[in-house]
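Right, one structure below, let's go through it.
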Amino acid sequence: MPISTPNRVADPVVLERFDSPGLLRQAGEIYINYYNTTGLTILAGEPVIHAGAICIAAEAILPAQQGTVYQNWLVDFIVDVALNANILANDSVWWSYDVTPITGFSGGVVNAAPTNGFILGRAVVPPGTTRLNGSSKPIAATVDDVRVRVISVQEPVVVIGTVPVFN
């Protein structure tokens, strides 16, 4: 007879209510099976480097477990609370492991090359009223925004400093 294990014991990480580092707005047609070799749980919406591209985890992927990542995506990422300049449309944005924004997990979007991190993609203007800076360029995120909309790009992954070793 099978022994019933409460969900909180069987898989507590998936059931915890983490604020997602990235809210997936659109996924492309490329879904990849991904085996987590990092030793840490990868949260849904967290960026990972896989197959030479920046991918987004579709769900929480526990250590030594398999999950799904998206290769083409449009995601609203959490911005570093210490952002010191607006992010304009088409600016390159970076994922930095040196910031701990809002929710306490490791990492967030910055608008300059970090000490430890990688290039994430390009900022795009979210739906709604378009804000312009002083020179009439569209603003993707201001210094007061919590999230910035980012689109994946097909350019080589640029990694700086120490990042987790993804497979």
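Starting from 1 in every chain, residues are counted up; chains themselves are A, B, ... following the order of the structure tokens, and ligands are numbered from 1 as listed.
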
**Item:** Residue contacts of Ala85 (chain A) (10 Å, only C-alpha atoms) excluding same-chain residues fewer than 6 positions away, as an MDAnalysis selection string
**Value:** chainID A and resid 110:112 141:144

Please identify which residues in chain A DSSP calls strand (DSSP E) from the backbone, and express them as an MDAnalysis selection string. chainID A and resid 22:27 31:35 47:50 53:57 66:70 73:78 87:88 92:96 108:110 117:123 131:132 138:141 147:151 159:160

Could you tell me which of A:Asn133, A:Gln154, A:Thr37, A:Asn72 comes closest to Ala89 (chain A) if we count only C-alpha atoms?
->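 Residue with the minimum atom-to-atom distance to Ala89 (chain A): A:Asn133.
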
Give me, as number ranges by chain, all polymer residues having an atom no more than 7 Å from Tyr35 (chain A), counting only C-alpha atoms and skipping those fewer than 5 positions away in the same chain. A: 64-67

* Selection: 10 Å around Asp145 (chain A), only C-alpha atoms, excl. self and same-chain fewer than 3 positions, as a list of chain:residue names -> A:Ile78, A:Val79, A:Asp80, A:Val81, A:Leu83, A:Asn86, A:Ile87, A:Ala140, A:Ala141, A:Thr142, A:Val148

Can I get the selected residues back with C-alpha atoms, as a PDB file, in the first residue's frame?
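Contents of again34.pdb, as written:
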ATOM      1  CA  ILE A  78      12.153  42.686 -11.731  1.00  0.00           C
ATOM      2  CA  VAL A  79      14.382  45.756 -11.838  1.00  0.00           C
ATOM      3  CA  ASP A  80      17.171  46.557  -9.397  1.00  0.00           C
ATOM      4  CA  VAL A  81      15.739  48.892  -6.733  1.00  0.00           C
ATOM      5  CA  LEU A  83      18.432  51.689 -10.665  1.00  0.00           C
ATOM      6  CA  ASN A  86      15.694  55.286 -16.937  1.00  0.00           C
ATOM      7  CA  ILE A  87      15.841  52.285 -19.249  1.00  0.00           C
ATOM      8  CA  ALA A 140      10.731  51.204 -21.122  1.00  0.00           C
ATOM      9  CA  ALA A 141      11.184  51.631 -17.326  1.00  0.00           C
ATOM     10  CA  THR A 142      11.782  54.568 -15.018  1.00  0.00           C
ATOM     11  CA  VAL A 148      10.819  46.206 -17.177  1.00  0.00           C
TER      12      VAL A 148
END

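Take the candidates A:Phe118, A:Trp94, A:Tyr31, A:Phe77 and check each one against Val146 (chain A) using only C-alpha atoms; the shortest distance goes to A:Phe77.
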
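Around Val69 (chain A), within 7 Å and counting only C-alpha atoms, the residues found are Tyr31, Ile32, Asn33, Tyr34, Cys55, Ile56, Ala57 and Ala58 of chain A, once anything fewer than 6 positions away on its own chain is removed.
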
Counting only C-alpha atoms, closest pick from A:Gly134, A:Arg149, A:Pro164, A:Ile61 relative to Gly22 (chain A) is A:Arg149

- For Ala53 (chain A), list every protein, DNA or RNA residue within 12 Å, evaluated using only C-alpha atoms, and leave out those in the same chain fewer than 5 positions away; present the list as a ChimeraX atom specification. /A:30,32,47-48,69-73,118-121,152-159,166-167

What separates CA of Gln26 (chain A) and CA of His50 (chain A) is a distance of 18.8 Å

task: Find the spatial neighbours of Tyr97 (chain A), counting only C-alpha atoms, within a cut-off of 9 Å - ignore same-chain residues fewer than 6 positions away - and output them as number ranges by chain.
output: A: 106-108, 114-118, 162-163
